[in-house]
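Comments concern the structure below.
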Amino acid sequence: MDGILTLLSFGPDGWSDEIARGVVVTVSLALATLPFGLAAGFVIALAKTSEEPTLRLVANIYTTIFRGLPELLTLFLVFYGAQIAVQQIVRLLGASTTIEINAFVAGMVALGAVFSAYASEVFVSAFRAIPLGQYEGAYAVGLSRGRTMQLVILPQLIRLALPGLSNLWLVLLKDTSLVSVIGLADILRQTGVAARVSKEAFLFFGLACLIYLALSILSSFAFAAVERRVSSNGPVR
Amino acid sequence: MSISRTAKLDDLPPPASVRRWTAARITGTALLCLWVLLGVGLLYFLISAWNPELFARYAPSYVSGLWITIQLVVVSVLSGAILSVPIAIGRRSKNRVVSALAYAYVYFFRGTPLLAQTFLIYYGLGSFRPQLEAVGLWTFFRDAWFCAVFAFTLNTAAYQAEILRGAVESVGRGQWEAAAALALPRWQTLRRVILPQALLVALRPYGNEVILMIKGSAIVAIITVYDLMGETRRAFSRTFDFQTYIWAALIYLVLVELLRIATDRGERRLTRHLRR
């Protein structure tokens, strides 16, 4: 028991400081991906609900690809693909240095692409749930298209999309564990190192699971608070 | 031409509305061209990188990898389906302890990454080797494939239990009451009245769950199971040829798309009585 407490302590013999750093990496990766994923997902949803068939087709190809590929494979494609592409460019320019792609950025791009593909579906169904009369009413009082979107549609859209988006956030948080494979020192990587060094695999991987669980619980509290905040003006419609 | 000369203006069909080059259409066309370019580029890359020797060497291992992936998904989804029934019943139980336990199970497996769960089982259970050997389960947990199946089963059971519960709860209370009024026993009510309606609702989520499992199964490559992803990684580490990943991506895409189309078709067929 003492041995376990030592392993879990902060300091030279314990692993808690390393794992805490892993938590920071995991959370910052998820938080850094979120805004890009949300923005891209929104734009793709706009394209999908557009009247222009080419735009719809373009958006559908995007979501088919990124919802169909395993997240791990997407990550490898981005990580190694970018590495090879950069190397080719460098070789074309005549230099011979090897350039490492940042695992954090690769993770952000891959997870952001997957997140935006799923988020666009959530936004599309939220768009469909807003009755046409809302647009017509807004145009009738002379609002421009941009102002209609900003003042009339978006506030309702956020409320409708929030449950789906909170689900996607939890998926994103869990998917960040994949970047441990390409060498980013996130929770799973740090606990894995600790497990290998201390030979207490169950303890440390169990701890990793509990940390992810705690992050999930914290985020659901946060989302409950956001939901209360956006729905305080009464229900939709 | 002769018609237009003789006919009155009113008889003519309205002129086809001209699709003007709006900003949306220009953007859409430009982006579509980009996709086409990417597709052509990809095709060009695959053709120019085509290497019969490489293909002959790795195509069989890709096929065996794909087969492993399919086996893994089928076995774990089916055993997960069986395991999900008691969990779903536990979730609906009136006994507080039972429902809390079932809830905790579902929450744990949905709240933690599949990769961490797989590590916990594959590496973590190694800590209990003497105990496992004592009960004769060590041969099971020593094998990465069995560990993966076990982890995936536990994971998908949690998701499937929620799908099942949601589907059963989506059937109105009136259905239960009507069946009770006809003096149908509980089991028959469930089998003849509730489940046929509930499973229709559950079809799409089940399809999604299978797709998620196919995609999730790629992570077994990390614990040295040579599924499609594992074979791809092995091929890439030996050849450093990027087309190995492209091929894997194409196979996964086709697999998932086929499954999605099949689910769509199946759902449309089974719900044809509900459409007007």
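Just so we're on the same page: first chain in the structure tokens is A, next is B, and so on; residues restart at 1 for each chain, and ligands are numbered from 1 in the order they show up.
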
Residues of chain B were defined as contacting chain A if any atom lay at most 8 Å from it, counting only C-alpha atoms; please report them as a PDB file with N, CA and C atoms, in the first residue's frame.
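Writing the result to part_17.pdb gives the following:
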ATOM      1  N   ALA B  24     -22.312  31.503 -54.229  1.00  0.00           N
ATOM      2  CA  ALA B  24     -22.365  30.128 -53.715  1.00  0.00           C
ATOM      3  C   ALA B  24     -21.982  29.148 -54.806  1.00  0.00           C
ATOM      4  N   ARG B  25     -22.479  29.401 -56.029  1.00  0.00           N
ATOM      5  CA  ARG B  25     -22.204  28.442 -57.098  1.00  0.00           C
ATOM      6  C   ARG B  25     -20.726  28.476 -57.476  1.00  0.00           C
ATOM      7  N   THR B  27     -18.198  29.296 -55.483  1.00  0.00           N
ATOM      8  CA  THR B  27     -17.443  28.613 -54.422  1.00  0.00           C
ATOM      9  C   THR B  27     -17.614  27.115 -54.538  1.00  0.00           C
ATOM     10  N   GLY B  28     -18.866  26.692 -54.723  1.00  0.00           N
ATOM     11  CA  GLY B  28     -19.144  25.264 -54.797  1.00  0.00           C
ATOM     12  C   GLY B  28     -18.388  24.605 -55.929  1.00  0.00           C
ATOM     13  N   THR B  29     -18.424  25.247 -57.083  1.00  0.00           N
ATOM     14  CA  THR B  29     -17.740  24.663 -58.241  1.00  0.00           C
ATOM     15  C   THR B  29     -16.240  24.622 -58.016  1.00  0.00           C
ATOM     16  N   LEU B  31     -14.659  24.460 -55.157  1.00  0.00           N
ATOM     17  CA  LEU B  31     -14.326  23.423 -54.183  1.00  0.00           C
ATOM     18  C   LEU B  31     -14.477  22.035 -54.786  1.00  0.00           C
ATOM     19  N   LEU B  32     -15.503  21.902 -55.636  1.00  0.00           N
ATOM     20  CA  LEU B  32     -15.698  20.610 -56.290  1.00  0.00           C
ATOM     21  C   LEU B  32     -14.504  20.286 -57.179  1.00  0.00           C
ATOM     22  N   TRP B  35     -11.804  19.005 -55.028  1.00  0.00           N
ATOM     23  CA  TRP B  35     -11.985  17.578 -54.688  1.00  0.00           C
ATOM     24  C   TRP B  35     -11.589  16.701 -55.864  1.00  0.00           C
ATOM     25  N   PHE B 108     -18.908   4.238 -16.943  1.00  0.00           N
ATOM     26  CA  PHE B 108     -17.466   3.998 -17.018  1.00  0.00           C
ATOM     27  C   PHE B 108     -17.037   3.715 -18.449  1.00  0.00           C
ATOM     28  N   GLY B 111     -17.437   6.730 -20.702  1.00  0.00           N
ATOM     29  CA  GLY B 111     -16.702   7.934 -20.315  1.00  0.00           C
ATOM     30  C   GLY B 111     -15.200   7.817 -20.461  1.00  0.00           C
ATOM     31  N   THR B 112     -14.699   6.618 -20.788  1.00  0.00           N
ATOM     32  CA  THR B 112     -13.253   6.467 -20.915  1.00  0.00           C
ATOM     33  C   THR B 112     -12.924   6.005 -22.337  1.00  0.00           C
ATOM     34  N   PRO B 113     -11.727   6.344 -22.822  1.00  0.00           N
ATOM     35  CA  PRO B 113     -11.376   5.973 -24.197  1.00  0.00           C
ATOM     36  C   PRO B 113     -11.235   4.459 -24.337  1.00  0.00           C
ATOM     37  N   LEU B 114     -11.640   3.970 -25.491  1.00  0.00           N
ATOM     38  CA  LEU B 114     -11.520   2.534 -25.779  1.00  0.00           C
ATOM     39  C   LEU B 114     -10.064   2.093 -25.701  1.00  0.00           C
ATOM     40  N   LEU B 115      -9.166   2.985 -26.124  1.00  0.00           N
ATOM     41  CA  LEU B 115      -7.741   2.650 -26.098  1.00  0.00           C
ATOM     42  C   LEU B 115      -7.275   2.411 -24.661  1.00  0.00           C
ATOM     43  N   ALA B 116      -7.725   3.270 -23.729  1.00  0.00           N
ATOM     44  CA  ALA B 116      -7.330   3.110 -22.330  1.00  0.00           C
ATOM     45  C   ALA B 116      -7.918   1.819 -21.762  1.00  0.00           C
ATOM     46  N   GLN B 117      -9.168   1.510 -22.151  1.00  0.00           N
ATOM     47  CA  GLN B 117      -9.779   0.259 -21.678  1.00  0.00           C
ATOM     48  C   GLN B 117      -9.010  -0.950 -22.192  1.00  0.00           C
ATOM     49  N   PHE B 119      -5.862  -1.055 -23.073  1.00  0.00           N
ATOM     50  CA  PHE B 119      -4.585  -1.122 -22.341  1.00  0.00           C
ATOM     51  C   PHE B 119      -4.798  -1.703 -20.957  1.00  0.00           C
ATOM     52  N   LEU B 120      -5.882  -1.239 -20.302  1.00  0.00           N
ATOM     53  CA  LEU B 120      -6.164  -1.702 -18.938  1.00  0.00           C
ATOM     54  C   LEU B 120      -6.303  -3.215 -18.931  1.00  0.00           C
ATOM     55  N   ILE B 121      -6.951  -3.755 -19.951  1.00  0.00           N
ATOM     56  CA  ILE B 121      -7.176  -5.203 -19.962  1.00  0.00           C
ATOM     57  C   ILE B 121      -5.929  -5.943 -20.440  1.00  0.00           C
ATOM     58  N   TYR B 123      -2.558  -4.878 -20.826  1.00  0.00           N
ATOM     59  CA  TYR B 123      -1.371  -4.735 -19.992  1.00  0.00           C
ATOM     60  C   TYR B 123      -1.714  -4.867 -18.513  1.00  0.00           C
ATOM     61  N   GLY B 124      -2.857  -4.277 -18.134  1.00  0.00           N
ATOM     62  CA  GLY B 124      -3.192  -4.196 -16.711  1.00  0.00           C
ATOM     63  C   GLY B 124      -3.437  -5.545 -16.087  1.00  0.00           C
ATOM     64  N   LEU B 125      -4.151  -6.423 -16.795  1.00  0.00           N
ATOM     65  CA  LEU B 125      -4.460  -7.713 -16.189  1.00  0.00           C
ATOM     66  C   LEU B 125      -3.218  -8.582 -16.045  1.00  0.00           C
ATOM     67  N   GLY B 126      -2.135  -8.198 -16.743  1.00  0.00           N
ATOM     68  CA  GLY B 126      -0.877  -8.910 -16.549  1.00  0.00           C
ATOM     69  C   GLY B 126      -0.393  -8.809 -15.115  1.00  0.00           C
ATOM     70  N   SER B 127      -0.823  -7.749 -14.401  1.00  0.00           N
ATOM     71  CA  SER B 127      -0.439  -7.616 -13.001  1.00  0.00           C
ATOM     72  C   SER B 127      -1.016  -8.731 -12.142  1.00  0.00           C
ATOM     73  N   ILE B 214     -16.085  -0.764 -36.163  1.00  0.00           N
ATOM     74  CA  ILE B 214     -15.129  -0.999 -37.244  1.00  0.00           C
ATOM     75  C   ILE B 214     -14.008   0.037 -37.167  1.00  0.00           C
ATOM     76  N   LYS B 215     -14.422   1.303 -36.979  1.00  0.00           N
ATOM     77  CA  LYS B 215     -13.414   2.350 -36.910  1.00  0.00           C
ATOM     78  C   LYS B 215     -12.582   2.214 -35.647  1.00  0.00           C
ATOM     79  N   GLY B 216     -13.246   1.885 -34.535  1.00  0.00           N
ATOM     80  CA  GLY B 216     -12.525   1.763 -33.276  1.00  0.00           C
ATOM     81  C   GLY B 216     -11.575   0.586 -33.278  1.00  0.00           C
ATOM     82  N   ALA B 218      -9.488  -0.281 -35.234  1.00  0.00           N
ATOM     83  CA  ALA B 218      -8.143   0.017 -35.740  1.00  0.00           C
ATOM     84  C   ALA B 218      -7.121   0.107 -34.617  1.00  0.00           C
ATOM     85  N   ILE B 219      -7.586   0.437 -33.401  1.00  0.00           N
ATOM     86  CA  ILE B 219      -6.602   0.630 -32.327  1.00  0.00           C
ATOM     87  C   ILE B 219      -5.978  -0.674 -31.856  1.00  0.00           C
ATOM     88  N   ILE B 222      -2.279  -1.300 -32.081  1.00  0.00           N
ATOM     89  CA  ILE B 222      -1.303  -0.826 -31.098  1.00  0.00           C
ATOM     90  C   ILE B 222      -0.926  -1.941 -30.124  1.00  0.00           C
ATOM     91  N   MET B 229      -5.391  -2.442 -39.873  1.00  0.00           N
ATOM     92  CA  MET B 229      -4.519  -1.340 -39.470  1.00  0.00           C
ATOM     93  C   MET B 229      -3.130  -1.861 -39.095  1.00  0.00           C
ATOM     94  N   PHE B 242       4.035   5.511 -48.711  1.00  0.00           N
ATOM     95  CA  PHE B 242       2.818   6.088 -48.161  1.00  0.00           C
ATOM     96  C   PHE B 242       1.561   5.455 -48.736  1.00  0.00           C
ATOM     97  N   TYR B 245      -0.842   3.343 -46.533  1.00  0.00           N
ATOM     98  CA  TYR B 245      -1.917   3.985 -45.767  1.00  0.00           C
ATOM     99  C   TYR B 245      -3.095   4.348 -46.644  1.00  0.00           C
ATOM    100  N   ILE B 246      -2.797   4.790 -47.877  1.00  0.00           N
ATOM    101  CA  ILE B 246      -3.892   5.171 -48.779  1.00  0.00           C
ATOM    102  C   ILE B 246      -4.784   3.957 -49.047  1.00  0.00           C
ATOM    103  N   ALA B 249      -6.947   3.264 -46.135  1.00  0.00           N
ATOM    104  CA  ALA B 249      -8.016   4.248 -46.041  1.00  0.00           C
ATOM    105  C   ALA B 249      -9.140   3.907 -47.010  1.00  0.00           C
ATOM    106  N   TYR B 252     -11.137   0.883 -45.673  1.00  0.00           N
ATOM    107  CA  TYR B 252     -12.024   1.261 -44.570  1.00  0.00           C
ATOM    108  C   TYR B 252     -13.209   2.063 -45.084  1.00  0.00           C
ATOM    109  N   LEU B 253     -12.943   3.005 -45.991  1.00  0.00           N
ATOM    110  CA  LEU B 253     -14.029   3.841 -46.502  1.00  0.00           C
ATOM    111  C   LEU B 253     -15.085   2.988 -47.187  1.00  0.00           C
ATOM    112  N   VAL B 256     -17.093   0.921 -44.572  1.00  0.00           N
ATOM    113  CA  VAL B 256     -18.050   1.714 -43.804  1.00  0.00           C
ATOM    114  C   VAL B 256     -19.209   2.173 -44.687  1.00  0.00           C
ATOM    115  N   GLU B 257     -18.885   2.603 -45.917  1.00  0.00           N
ATOM    116  CA  GLU B 257     -19.948   3.074 -46.814  1.00  0.00           C
ATOM    117  C   GLU B 257     -20.924   1.947 -47.144  1.00  0.00           C
TER     118      GLU B 257
END

key: segment 174-187 of chain B surroundings by only C-alpha atoms, 10 Å radius, close-in-sequence under 6 positions cut, as a ChimeraX atom specification   = /B:193-194,197

Need to verify the contact set: Ser84 of chain B, 12 Å, only C-alpha atoms, exclusion of same-chain residues closer than 2 positions in sequence. Can you return it as a CSV table (one decimal) with N, CA and C atoms, in the first residue's frame?
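And here's out26.csv as it stands now:
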chain,number,residue,atom,x,y,z
B,76,SER,N,-17.2,-9.2,-31.3
B,76,SER,CA,-17.5,-8.4,-30.2
B,76,SER,C,-18.8,-7.7,-30.2
B,77,VAL,N,-19.3,-7.4,-31.4
B,77,VAL,CA,-20.7,-6.8,-31.5
B,77,VAL,C,-21.7,-7.8,-31.0
B,78,LEU,N,-21.6,-9.1,-31.5
B,78,LEU,CA,-22.6,-10.1,-31.1
B,78,LEU,C,-22.5,-10.4,-29.6
B,79,SER,N,-21.3,-10.6,-29.1
B,79,SER,CA,-21.2,-10.9,-27.6
B,79,SER,C,-21.6,-9.6,-26.8
B,80,GLY,N,-21.3,-8.5,-27.4
B,80,GLY,CA,-21.8,-7.2,-26.7
B,80,GLY,C,-23.3,-7.1,-26.7
B,81,ALA,N,-23.9,-7.6,-27.8
B,81,ALA,CA,-25.4,-7.6,-27.8
B,81,ALA,C,-26.0,-8.5,-26.7
B,82,ILE,N,-25.4,-9.6,-26.6
B,82,ILE,CA,-25.9,-10.5,-25.5
B,82,ILE,C,-25.7,-9.9,-24.1
B,86,PRO,N,-28.8,-7.9,-20.2
B,86,PRO,CA,-28.9,-7.8,-18.7
B,86,PRO,C,-28.6,-6.3,-18.2
B,87,ILE,N,-27.7,-5.7,-18.9
B,87,ILE,CA,-27.4,-4.3,-18.5
B,87,ILE,C,-28.5,-3.4,-18.7
B,88,ALA,N,-29.2,-3.5,-19.9
B,88,ALA,CA,-30.3,-2.7,-20.2
B,88,ALA,C,-31.5,-3.0,-19.2
B,89,ILE,N,-31.7,-4.2,-18.8
B,89,ILE,CA,-32.7,-4.6,-17.8
B,89,ILE,C,-32.3,-4.0,-16.5
B,90,GLY,N,-31.0,-4.1,-16.2
B,90,GLY,CA,-30.5,-3.5,-14.9
B,90,GLY,C,-30.8,-2.0,-14.9
B,91,ARG,N,-30.6,-1.3,-16.0
B,91,ARG,CA,-30.8,0.1,-16.1
B,91,ARG,C,-32.2,0.5,-15.8
B,102,ALA,N,-25.7,-0.8,-12.9
B,102,ALA,CA,-25.8,-0.8,-14.4
B,102,ALA,C,-25.4,0.6,-14.9
B,105,TYR,N,-21.6,1.0,-14.7
B,105,TYR,CA,-21.0,0.3,-15.8
B,105,TYR,C,-21.0,1.1,-17.1
B,106,VAL,N,-22.3,1.5,-17.4
B,106,VAL,CA,-22.4,2.2,-18.7
B,106,VAL,C,-21.6,3.5,-18.7
B,153,THR,N,-16.0,-6.1,-26.4
B,153,THR,CA,-17.3,-6.5,-26.0
B,153,THR,C,-17.8,-5.7,-24.8
B,154,LEU,N,-17.0,-5.5,-23.8
B,154,LEU,CA,-17.4,-4.7,-22.6
B,154,LEU,C,-17.8,-3.3,-23.1
B,155,ASN,N,-17.0,-2.8,-24.0
B,155,ASN,CA,-17.3,-1.4,-24.4
B,155,ASN,C,-18.6,-1.3,-25.2
B,156,THR,N,-18.7,-2.2,-26.2
B,156,THR,CA,-19.9,-2.0,-27.0
B,156,THR,C,-21.2,-2.4,-26.3
B,157,ALA,N,-21.0,-3.3,-25.2
B,157,ALA,CA,-22.2,-3.7,-24.4
B,157,ALA,C,-22.8,-2.5,-23.8
B,158,ALA,N,-21.9,-1.6,-23.3
B,158,ALA,CA,-22.4,-0.4,-22.6
B,158,ALA,C,-23.2,0.5,-23.6
B,159,TYR,N,-22.7,0.7,-24.8
B,159,TYR,CA,-23.4,1.5,-25.8
B,159,TYR,C,-24.7,0.8,-26.2
B,160,GLN,N,-24.6,-0.5,-26.5
B,160,GLN,CA,-25.8,-1.2,-27.0
B,160,GLN,C,-26.8,-1.2,-25.9
B,161,ALA,N,-26.4,-1.3,-24.6
B,161,ALA,CA,-27.4,-1.3,-23.6
B,161,ALA,C,-28.2,0.0,-23.6
B,162,GLU,N,-27.5,1.1,-23.9
B,162,GLU,CA,-28.2,2.4,-23.9
B,162,GLU,C,-29.1,2.5,-25.2
B,163,ILE,N,-28.7,1.9,-26.3
B,163,ILE,CA,-29.5,1.9,-27.5
B,163,ILE,C,-30.8,1.1,-27.2
B,164,LEU,N,-30.6,-0.1,-26.6
B,164,LEU,CA,-31.7,-1.0,-26.3
B,164,LEU,C,-32.7,-0.3,-25.4
B,165,ARG,N,-32.2,0.3,-24.3
B,165,ARG,CA,-33.0,0.9,-23.3
B,165,ARG,C,-33.8,2.1,-24.0

request  = Write down as a PyMOL selection string the residues belonging to segment 31-253 of chain B that are assigned alpha helix (DSSP H) by DSSP computed on the backbone.
outcome  = chain B and resi 31-48+52-92+96-111+114-122+129-135+138-142+144-170+173-181+186-188+195-216+228-239+243-253

request  = Name the closest residue to Ile44 of chain A among the candidates A:Gly133, A:Leu160, A:Phe115, A:Thr148; distances are taken between atoms, counting only C-alpha atoms.
outcome  =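 Nearest to Ile44 of chain A: A:Phe115.
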
Gln190 of chain A environment, 9 Å, only C-alpha atoms, sequence neighbours closer than 3 positions dropped, as a tab-separated table (two decimals) with N, CA and C atoms, in the first residue's frame:
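Wrote around.tsv, looks like this:
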chain	number	residue	atom	x	y	z
A	15	TRP	N	4.67	9.46	-9.73
A	15	TRP	CA	4.38	9.76	-11.13
A	15	TRP	C	3.32	10.84	-11.30
A	18	GLU	N	4.18	13.86	-13.55
A	18	GLU	CA	4.22	13.54	-14.98
A	18	GLU	C	2.80	13.39	-15.53
A	19	ILE	N	1.97	12.66	-14.76
A	19	ILE	CA	0.62	12.42	-15.23
A	19	ILE	C	-0.17	13.73	-15.28
A	20	ALA	N	0.07	14.61	-14.30
A	20	ALA	CA	-0.62	15.90	-14.30
A	20	ALA	C	-0.26	16.68	-15.56
A	21	ARG	N	1.01	16.58	-15.96
A	21	ARG	CA	1.40	17.26	-17.20
A	21	ARG	C	0.67	16.64	-18.40
A	22	GLY	N	0.48	15.32	-18.33
A	22	GLY	CA	-0.28	14.65	-19.38
A	22	GLY	C	-1.71	15.15	-19.45
A	180	SER	N	-1.39	9.70	-28.25
A	180	SER	CA	-0.29	9.07	-27.52
A	180	SER	C	0.50	8.14	-28.45
A	185	ALA	N	2.85	13.49	-25.34
A	185	ALA	CA	2.86	13.03	-23.94
A	185	ALA	C	1.54	13.38	-23.25
A	186	ASP	N	0.47	12.70	-23.66
A	186	ASP	CA	-0.83	12.95	-23.04
A	186	ASP	C	-1.02	12.00	-21.85
A	187	ILE	N	-2.23	11.95	-21.32
A	187	ILE	CA	-2.50	11.13	-20.13
A	187	ILE	C	-2.07	9.68	-20.37
A	193	VAL	N	4.07	5.08	-19.65
A	193	VAL	CA	5.48	5.11	-19.24
A	193	VAL	C	5.59	4.68	-17.78
A	194	ALA	N	4.72	5.25	-16.97
A	194	ALA	CA	4.74	4.91	-15.54
A	194	ALA	C	4.50	3.42	-15.35
A	195	ALA	N	3.54	2.87	-16.13
A	195	ALA	CA	3.22	1.45	-16.00
A	195	ALA	C	4.42	0.59	-16.37

Computed interatomic separation between atom CA of Ala148 of chain B and atom CA of Thr118 of chain B (Å) = 6.3 Å

ask   = Which neighbours of segment 49-51 of chain B fall inside 10 Å, counting only C-alpha atoms, when residues of the same chain fewer than 5 positions from it are skipped, and could you give them as a list in words?
value =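 The residues that qualify are Leu43, Tyr44, Ala56, Arg57, Asp241, Phe242 and Gln243 of chain B.
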